[in-house]
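Student: Take this structure, written in structure tokens, and hold onto it; I'll ask about it next.
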Amino acid sequence: MINNIQFNDRGKLRHFLAIEGLSKELLVHILDTAQSFIHPDHQTIKKIPLLRGKAVMNLFFEPSTRTRTTFEIAAKRLSADVINFNISASSSSKGESLTDMLHNLEAMFCDMFVVRHAASGAAHFIAEHISPHVHVVNAGDGCHEHPTQAMLDALTIRQHKGDFSPLKVAIVGDILHSRVARSLIHALNILGANEVRVIAPKTLIPKDAEQLGVQVHHNLRQGIKNVDVIVMLRLQRERMQSAALLPSAHEFFQTYGLTEDILKFAHPNAIVMHPGPINRGVEIASSVADGKKSVILQQVSNGIAVRMAVMALAMGVPLEESGE
Amino acid sequence: MNKISIMGGHVLDSAQHIDKISDLHIADGRILSIGAPPANFQADQVIDAKDKIVCAGLVDLAVRLREPGQEHKATIASETLAAACNGITSLCCPPDTSPVVDTPAVAELLRQRAKNGGHCRIFPLAALTQGLEGKQLSEMSELKQVGCIGVSNAQVPIANTQVLKNAYEYAANCDLTVFIQPTEPYLGRGGCAHEGAISSRMGLTGIPEAAETIAISRDLFLIEQTGVRAHFCRLSSARSVDLIREAQHRGLKVTADVAAHQLFLTDQDIMNYNSQCHVYPPLRTKKDRDALRKGVLEGVISAICSDHQPHEHEAKLNPFAETLAGISTLDTLLPLALRLEMPLPKIIDRLTWGASQALGVKIGTLRAGKKADICIIDPNKKWTLTPQTMFAKCLNTPFMNWEFQGRAVCTIVGGQVVFSEK
């Protein structure tokens with residue numbers, strides 16, 4: 001059901017809300033398109049006129065710096081006009097309902113909303129209640145999905161490993177609250193990764209997690225054995241202690257932190273990823289974050305290309321001339 | 001006075017083990033006889049009930065009338081009329097109005113408004129603790145005197161077990177039944193969906209089954225200790241049914257009900273973030289739904305109720321977790337129950353006599369001498385739930401456009417026809 005709304009009646013992508021239920025062809029197409037935006041020699045992205053005259057509104061109900069910024073850069077590289085709209089409860093404190101606010105913004109001739117919201121399903125809700133000509137891209141909805149993050153992770157993995165089919169990938173940390181983990185699990189399974197593992201203490205694993213298509217591990221050493229890719233998640237420290245999910249950040253680092261020593265258990269050519277922002281010394285040691293295996297900054301750069309691809313595809317612009 | 005004969009209907013009354021084609025006669029607001037009329041009986045009105053079911057008026061154990069305090073959602077007049085049009089002649093309303101029904105004055109207000117503008121009988125529950133805060137006992141004895149038939153803390157769990165024990169003890173002392181919505185106060189707090197594979201996938205905060213079973217287990221011990229009569233409201237899980245069954249086998253006087261929608265929907269139905277399926281307790285798995293059905297069939301669950309919770313359109317117009325829980329269900333209570341694969345007499349029992357067991361009031365039967373509260377059902381009527389066919393004011397229901405077979409066509413309260421299909 002979630003995915004019906006993502007396509008128009010000709011089966012073309014219209015909104016980008018969730019990875020779950022998308023086809024392998026579409027994901028590969030997104031990766032190929034994103035890759036085509038990256039200049040092969042200089043690792044730069046030039047400005048192209050694909051979305052000239054279109055208006056993209058960043059609609060952030062939750063604070064965010066990097067995701068919002070990369071969406072903004074991506075839209076500008078596509079020559080769209082960008083408006084940043086940070087709500088942070090100002091509108092709701094005036095008593096305006098979400099749908100009233102959406103209709104007001106729509107009346108300002110927006111073509112696309114990039115939405116981040118604390119409630120799971122919020123992007124889906126907005127897509128359901130918006131005029132047919134407006135497109136919605138999910139920039140993170142509660143603990144549900146963060147689909148562009150998963151695509152930029154997949155692009156980074158592909159750049160290093162090529163084929164997904166032999167890969168073993170471990171996602172480590174707060175799986176329970178992570179929309180990044182959920183989207184990435186779906187993306188890796190759709191792209192045909194050999195094995196997806198999640199590694200965390202029992203308090204941070206969602207109920208019946210196996211049914212998401214993962215192997216669940218509680219021991220970091222065993223869990224990352226021979227993996228090709230390690231994705232570390234950010235630990236939200238405030239949340240952990242108030243909800244009694246973990247005793248301390250210190251203990252978490254001792255048991256689940258990625259250090260040079262632990263990294264030896266992974267495949268010798270393993271890469272280390274993190275969606276950021278990183279907590280050094282909580283989930284990842286500085287030496288690993290800055291080490292040879294780390295591809296964290298490459299992820300950030302790829303975020304721009306992936307978001308360009310997703311925005312262009314959702315807007316339905318022809319991509320042939322984009323220089324593939 | 002109005003004398004009515006209801007002719008040739010399929011009369012069902014589990015209290016008297018009646019299940020036959022017969023006539024029923026009413027005079028002076030009371031049931032006179034089933035079968036032959038008394039000598040010299042001359043009906044003023046004859047109702048043809050051929051191919052219809054004739055049973056006691058339905059007894060609904062949970063209807064939010066929203067009055068006082070939330071009249072923008074519904075009123076006593078609007079909801080009791082909708083109830084009557086759906087065959088419901090008696091309903092029980094929880095005390096979580098605004099203000100809470102925790103003083104005789106509020107209970108009296110409710111009674112007066114029901115008397116002046118109501119279309120069926122109202123049995124109010126009083127608050128178990130003042131303001132439902134779980135700290136001080138409410139004035140149960142006085143609340144009973146103004147017509148409250150039981151006490152309940154509605155959906156607000158009481159964390160302090162000492163207060164809870166005292167409240168049960170005091171309720172027993174007042175000879176009042178406690179109506180318990182079993183909820184452990186911390187587990188799944190802030191949740192909006194059954195904790196399981198689906199809530200994990202959707203990123204919704206889960207409410208584990210244990211939130212219900214722990215509360216039931218704790219309360220069963222307190223019930224045993226205090227000797228209070230207890231009714232467990234809105235069961236949602238298979239293990240809860242097991243706990244109640246065991247307690248009943250042990251000889252504990254506990255009853256239980258289930259909301260009709262719990263017998264048809266599961267957590268699969270929230271997969272597209274359909275806020276109309278946001279309910280409390282949450283929709284659980286197919287296994288739970290099947291166990292609830294079995295509990296109803298066996299009689300461990302003696303009542304099916306509507307758990308009617310009308311909401312204005314906007315209350316459901318938000319991302320799932322931010323919407324209010326509840327369904328407007330007066331129109332679907334009987335039609336859903338009729339869909340159950342269960343012998344018809346048992347279905348009718350769970351909506352009438354079985355339901356009245358929790359109230360401790362001997363209604364829900366067609367026994368001679370009882371007030372003539374009667375429901376006539378056309379079991380063959382095919383219809384579709386639409387805003388036009390709904391009697392309730394609020395349209396918050398996931399059953400919109402469902403096709404049903406069977407609906408109430410005539411309702412009599414105290415010998416007066418309050419609803420008759422044209």
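Order determines the names: the first chain of the structure tokens is A, the second B, and so forth; residues in each chain are numbered 1 upward, and ligands are numbered 1 upward as they are shown.
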Residues of chain B within 6 Å of chain A, using only C-alpha atoms, as a list in words?
Tutor: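 Filtering chain B at 6 Å from chain A with only C-alpha atoms gives Gly196, Ala197, Ser200, Met202, Gly203, Asn272 and Pro319 of chain B.
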Student: So that I can check the surroundings of Ser306 of chain B, please list as a PyMOL selection string every protein, DNA and RNA residue that reaches within 12 Å of it, counting only C-alpha atoms and ignoring chain neighbours fewer than 6 positions away.
Tutor: chain B and resi 58-64+83+86+88+91-93+233-234+257-263+326-337+350-351+355+397
Student: Generate the output file for the selected residues, C-alpha atoms, as a PDB file, in the first residue's frame.
Tutor:
ATOM      1  CA  LEU B  58     -28.852  -4.724  22.504  1.00  0.00           C
ATOM      2  CA  VAL B  59     -26.744  -3.895  25.560  1.00  0.00           C
ATOM      3  CA  ASP B  60     -23.563  -2.037  24.631  1.00  0.00           C
ATOM      4  CA  LEU B  61     -20.950  -1.958  27.388  1.00  0.00           C
ATOM      5  CA  ALA B  62     -18.842   0.908  26.050  1.00  0.00           C
ATOM      6  CA  VAL B  63     -20.121   4.017  24.342  1.00  0.00           C
ATOM      7  CA  ARG B  64     -18.405   7.380  24.560  1.00  0.00           C
ATOM      8  CA  ALA B  83     -27.596   3.711  19.167  1.00  0.00           C
ATOM      9  CA  ASN B  86     -28.911   0.320  15.495  1.00  0.00           C
ATOM     10  CA  ILE B  88     -29.094  -0.702  21.051  1.00  0.00           C
ATOM     11  CA  LEU B  91     -25.547   1.522  26.883  1.00  0.00           C
ATOM     12  CA  CYS B  92     -22.841   1.931  29.416  1.00  0.00           C
ATOM     13  CA  CYS B  93     -20.672   5.051  29.270  1.00  0.00           C
ATOM     14  CA  CYS B 233     -12.904  -4.401  29.257  1.00  0.00           C
ATOM     15  CA  ARG B 234     -11.739  -4.609  25.632  1.00  0.00           C
ATOM     16  CA  ASP B 257     -15.797  -8.096  26.806  1.00  0.00           C
ATOM     17  CA  VAL B 258     -14.242  -7.407  23.465  1.00  0.00           C
ATOM     18  CA  ALA B 259     -14.794  -4.628  20.959  1.00  0.00           C
ATOM     19  CA  ALA B 260     -16.413  -5.876  17.743  1.00  0.00           C
ATOM     20  CA  HIS B 261     -13.647  -4.396  15.583  1.00  0.00           C
ATOM     21  CA  GLN B 262     -11.044  -6.500  17.425  1.00  0.00           C
ATOM     22  CA  LEU B 263     -12.762  -9.580  15.997  1.00  0.00           C
ATOM     23  CA  GLY B 326     -10.894   5.155  18.465  1.00  0.00           C
ATOM     24  CA  ILE B 327     -13.591   4.265  15.967  1.00  0.00           C
ATOM     25  CA  SER B 328     -17.190   5.409  15.571  1.00  0.00           C
ATOM     26  CA  THR B 329     -18.794   1.992  15.847  1.00  0.00           C
ATOM     27  CA  LEU B 330     -22.466   2.188  16.807  1.00  0.00           C
ATOM     28  CA  ASP B 331     -23.439   1.383  13.218  1.00  0.00           C
ATOM     29  CA  THR B 332     -21.208  -1.656  12.954  1.00  0.00           C
ATOM     30  CA  LEU B 333     -21.663  -3.427  16.321  1.00  0.00           C
ATOM     31  CA  LEU B 334     -24.549  -5.679  15.269  1.00  0.00           C
ATOM     32  CA  PRO B 335     -23.582  -6.058  11.594  1.00  0.00           C
ATOM     33  CA  LEU B 336     -20.046  -7.128  12.510  1.00  0.00           C
ATOM     34  CA  ALA B 337     -21.296  -9.539  15.151  1.00  0.00           C
ATOM     35  CA  ARG B 350     -23.218 -11.802  23.565  1.00  0.00           C
ATOM     36  CA  LEU B 351     -25.049  -8.615  22.571  1.00  0.00           C
ATOM     37  CA  ALA B 355     -23.500  -8.387  28.012  1.00  0.00           C
ATOM     38  CA  THR B 397     -14.470   4.231  10.771  1.00  0.00           C
TER      39      THR B 397
END
Student: What is the atom CA of Ile348 of chain B-atom CA of Ile180 of chain B distance in Å, reported with one decimal?
Tutor: 23.8 Å
Student: Neighbouring residues of Ile158 of chain B were defined as those with any atom within 8 Å, considering only C-alpha atoms; residues of the same chain fewer than 6 positions away were excluded. Please report them as a PyMOL selection string.
Tutor: chain B and resi 133-134+164+185
Student: I need the residues from that last selection saved to file as a PDB file, in the first residue's frame (with all heavy atoms), if you can.
Tutor:
ATOM      1  N   GLU B 133      -7.186  10.113  38.654  1.00  0.00           N
ATOM      2  CA  GLU B 133      -5.760  10.345  38.899  1.00  0.00           C
ATOM      3  C   GLU B 133      -5.056   9.210  39.626  1.00  0.00           C
ATOM      4  O   GLU B 133      -3.839   9.222  39.795  1.00  0.00           O
ATOM      5  CB  GLU B 133      -5.580  11.663  39.674  1.00  0.00           C
ATOM      6  CG  GLU B 133      -5.784  12.871  38.787  1.00  0.00           C
ATOM      7  CD  GLU B 133      -5.784  14.171  39.567  1.00  0.00           C
ATOM      8  OE1 GLU B 133      -5.701  14.120  40.815  1.00  0.00           O
ATOM      9  OE2 GLU B 133      -5.891  15.227  38.931  1.00  0.00           O
ATOM     10  N   GLY B 134      -5.838   8.247  40.110  1.00  0.00           N
ATOM     11  CA  GLY B 134      -5.207   7.108  40.761  1.00  0.00           C
ATOM     12  C   GLY B 134      -4.654   7.421  42.136  1.00  0.00           C
ATOM     13  O   GLY B 134      -3.744   6.743  42.607  1.00  0.00           O
ATOM     14  N   LEU B 164      -4.864   0.956  44.307  1.00  0.00           N
ATOM     15  CA  LEU B 164      -5.719   0.066  43.516  1.00  0.00           C
ATOM     16  C   LEU B 164      -6.424  -0.954  44.410  1.00  0.00           C
ATOM     17  O   LEU B 164      -7.633  -1.170  44.303  1.00  0.00           O
ATOM     18  CB  LEU B 164      -4.860  -0.650  42.460  1.00  0.00           C
ATOM     19  CG  LEU B 164      -5.640  -1.399  41.391  1.00  0.00           C
ATOM     20  CD1 LEU B 164      -6.440  -0.423  40.537  1.00  0.00           C
ATOM     21  CD2 LEU B 164      -4.682  -2.187  40.498  1.00  0.00           C
ATOM     22  N   PRO B 185       1.074   0.488  33.559  1.00  0.00           N
ATOM     23  CA  PRO B 185       1.247   1.921  33.283  1.00  0.00           C
ATOM     24  C   PRO B 185       2.518   2.314  32.533  1.00  0.00           C
ATOM     25  O   PRO B 185       2.585   3.413  32.012  1.00  0.00           O
ATOM     26  CB  PRO B 185       1.227   2.550  34.681  1.00  0.00           C
ATOM     27  CG  PRO B 185       1.476   1.444  35.631  1.00  0.00           C
ATOM     28  CD  PRO B 185       1.018   0.185  34.990  1.00  0.00           C
TER      29      PRO B 185
END
Student: Just want the 10 Å neighbourhood of Gly316 of chain A, counted on only C-alpha atoms, with same-chain residues fewer than 3 positions away dropped. Output as a list in words.
Tutor: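 The contact residues come out as Lys12, Leu13, Arg14, Leu51, His135, Val310, Met311, Ala312, Leu313 and Leu319 of chain A.
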Student: Using DSSP on the backbone coordinates, identify all residues within segment 92-129 of chain A classified as alpha helix (DSSP H); present the result as a PyMOL selection string.
Tutor: chain A and resi 92-93+98-106+122-128
Student: Kindly export the residues of the current selection with N, CA, C and O atoms, as a PDB file, in the first residue's frame.
Tutor:
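Below is the file that was written, part.pdb:
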ATOM      1  N   SER A  92       2.560  24.936  14.496  1.00  0.00           N
ATOM      2  CA  SER A  92       1.599  24.152  15.267  1.00  0.00           C
ATOM      3  C   SER A  92       1.264  24.835  16.586  1.00  0.00           C
ATOM      4  O   SER A  92       0.180  24.679  17.122  1.00  0.00           O
ATOM      5  N   SER A  93       2.238  25.665  17.085  1.00  0.00           N
ATOM      6  CA  SER A  93       1.937  26.357  18.339  1.00  0.00           C
ATOM      7  C   SER A  93       0.892  27.441  18.107  1.00  0.00           C
ATOM      8  O   SER A  93       0.237  27.900  19.026  1.00  0.00           O
ATOM      9  N   LEU A  98      -1.681  20.513  10.304  1.00  0.00           N
ATOM     10  CA  LEU A  98      -0.691  20.150   9.290  1.00  0.00           C
ATOM     11  C   LEU A  98      -1.274  20.281   7.888  1.00  0.00           C
ATOM     12  O   LEU A  98      -0.627  20.825   6.985  1.00  0.00           O
ATOM     13  N   THR A  99      -2.482  19.835   7.694  1.00  0.00           N
ATOM     14  CA  THR A  99      -3.061  19.898   6.348  1.00  0.00           C
ATOM     15  C   THR A  99      -3.314  21.344   5.921  1.00  0.00           C
ATOM     16  O   THR A  99      -3.098  21.688   4.766  1.00  0.00           O
ATOM     17  N   ASP A 100      -3.749  22.191   6.865  1.00  0.00           N
ATOM     18  CA  ASP A 100      -3.937  23.604   6.511  1.00  0.00           C
ATOM     19  C   ASP A 100      -2.615  24.224   6.082  1.00  0.00           C
ATOM     20  O   ASP A 100      -2.541  24.964   5.108  1.00  0.00           O
ATOM     21  N   MET A 101      -1.562  23.885   6.820  1.00  0.00           N
ATOM     22  CA  MET A 101      -0.263  24.438   6.494  1.00  0.00           C
ATOM     23  C   MET A 101       0.186  23.977   5.105  1.00  0.00           C
ATOM     24  O   MET A 101       0.689  24.765   4.302  1.00  0.00           O
ATOM     25  N   LEU A 102      -0.033  22.697   4.814  1.00  0.00           N
ATOM     26  CA  LEU A 102       0.366  22.161   3.510  1.00  0.00           C
ATOM     27  C   LEU A 102      -0.353  22.881   2.380  1.00  0.00           C
ATOM     28  O   LEU A 102       0.245  23.236   1.370  1.00  0.00           O
ATOM     29  N   HIS A 103      -1.637  23.096   2.573  1.00  0.00           N
ATOM     30  CA  HIS A 103      -2.403  23.739   1.510  1.00  0.00           C
ATOM     31  C   HIS A 103      -1.952  25.183   1.301  1.00  0.00           C
ATOM     32  O   HIS A 103      -1.944  25.676   0.180  1.00  0.00           O
ATOM     33  N   ASN A 104      -1.546  25.834   2.380  1.00  0.00           N
ATOM     34  CA  ASN A 104      -1.006  27.181   2.259  1.00  0.00           C
ATOM     35  C   ASN A 104       0.300  27.190   1.464  1.00  0.00           C
ATOM     36  O   ASN A 104       0.513  28.039   0.608  1.00  0.00           O
ATOM     37  N   LEU A 105       1.161  26.219   1.771  1.00  0.00           N
ATOM     38  CA  LEU A 105       2.453  26.166   1.083  1.00  0.00           C
ATOM     39  C   LEU A 105       2.261  25.810  -0.389  1.00  0.00           C
ATOM     40  O   LEU A 105       2.945  26.351  -1.266  1.00  0.00           O
ATOM     41  N   GLU A 106       1.304  24.934  -0.629  1.00  0.00           N
ATOM     42  CA  GLU A 106       0.974  24.552  -1.998  1.00  0.00           C
ATOM     43  C   GLU A 106       0.565  25.771  -2.825  1.00  0.00           C
ATOM     44  O   GLU A 106       0.915  25.897  -3.996  1.00  0.00           O
ATOM     45  N   ALA A 122       4.818  10.252   8.274  1.00  0.00           N
ATOM     46  CA  ALA A 122       4.436  11.642   8.013  1.00  0.00           C
ATOM     47  C   ALA A 122       4.556  11.991   6.529  1.00  0.00           C
ATOM     48  O   ALA A 122       3.678  12.652   5.966  1.00  0.00           O
ATOM     49  N   ALA A 123       5.626  11.537   5.884  1.00  0.00           N
ATOM     50  CA  ALA A 123       5.808  11.857   4.458  1.00  0.00           C
ATOM     51  C   ALA A 123       4.691  11.206   3.636  1.00  0.00           C
ATOM     52  O   ALA A 123       4.158  11.798   2.696  1.00  0.00           O
ATOM     53  N   HIS A 124       4.358  10.004   4.017  1.00  0.00           N
ATOM     54  CA  HIS A 124       3.263   9.286   3.377  1.00  0.00           C
ATOM     55  C   HIS A 124       1.952  10.051   3.550  1.00  0.00           C
ATOM     56  O   HIS A 124       1.179  10.232   2.606  1.00  0.00           O
ATOM     57  N   PHE A 125       1.732  10.539   4.754  1.00  0.00           N
ATOM     58  CA  PHE A 125       0.516  11.309   5.042  1.00  0.00           C
ATOM     59  C   PHE A 125       0.466  12.575   4.176  1.00  0.00           C
ATOM     60  O   PHE A 125      -0.564  12.899   3.574  1.00  0.00           O
ATOM     61  N   ILE A 126       1.598  13.252   4.087  1.00  0.00           N
ATOM     62  CA  ILE A 126       1.638  14.493   3.309  1.00  0.00           C
ATOM     63  C   ILE A 126       1.400  14.195   1.824  1.00  0.00           C
ATOM     64  O   ILE A 126       0.628  14.887   1.161  1.00  0.00           O
ATOM     65  N   ALA A 127       2.022  13.129   1.329  1.00  0.00           N
ATOM     66  CA  ALA A 127       1.820  12.770  -0.077  1.00  0.00           C
ATOM     67  C   ALA A 127       0.348  12.459  -0.365  1.00  0.00           C
ATOM     68  O   ALA A 127      -0.167  12.757  -1.433  1.00  0.00           O
ATOM     69  N   GLU A 128      -0.315  11.883   0.616  1.00  0.00           N
ATOM     70  CA  GLU A 128      -1.727  11.521   0.452  1.00  0.00           C
ATOM     71  C   GLU A 128      -2.632  12.744   0.406  1.00  0.00           C
ATOM     72  O   GLU A 128      -3.718  12.687  -0.160  1.00  0.00           O
TER      73      GLU A 128
END
Student: Taking the DSSP secondary structure from the backbone, can you list the residues of segment 181-280 of chain B that are strand (DSSP E or B), as a list in words?
Tutor: Ala193, His194, Gly206, Ile207, Ala230, His231, Phe232, Val254, Thr255, Ala256, Asp257, Val258 and Ala259 of chain B
Student: Neighbours of segment 67-70 of chain A within 8 Å (only C-alpha atoms; same-chain residues fewer than 4 positions away dropped), as JSON, numbers by chain?
Tutor: {"A": [58, 60, 74, 139, 303, 304, 307]}
Student: Hey, can you spit out that residue selection with C-alpha atoms as a PDB file, in the first residue's frame?
Tutor:
ATOM      1  CA  ASN A  58      12.604  21.958   2.278  1.00  0.00           C
ATOM      2  CA  PHE A  60      11.788  20.352   8.079  1.00  0.00           C
ATOM      3  CA  ALA A  74      21.251  19.069  -4.889  1.00  0.00           C
ATOM      4  CA  ALA A 139      14.014  13.170   4.210  1.00  0.00           C
ATOM      5  CA  GLY A 303      24.330  12.378  -0.842  1.00  0.00           C
ATOM      6  CA  ILE A 304      24.213  15.285  -3.248  1.00  0.00           C
ATOM      7  CA  ARG A 307      19.333  13.495  -3.983  1.00  0.00           C
TER       8      ARG A 307
END
Student: When you look at segment 37-40 of chain B with a cut-off of 12 Å (counting only C-alpha atoms), what residues show up, excluding the ones that are within fewer than 4 positions of it in the same chain? I need them as a ChimeraX atom specification.
Tutor: /B:3-7,22-27,31-33,368
Student: If you count only C-alpha atoms, which residues fall within 9 Å of segment 52-55 of chain B, apart from same-chain ones fewer than 2 positions away, as a list in words?
Tutor: Ile6, Gly8, Gly9, His10, Val11, Leu12, Asp13, Ile21, Leu24, Asp48, Ala49, Lys50, Gly57, Leu58, Ile348, Thr352, Gly364, Thr365, Leu366, Asp373, Ile374, Cys375, Ile376, Ile377, Asp378, Pro379, Asn380 and Val409 of chain B
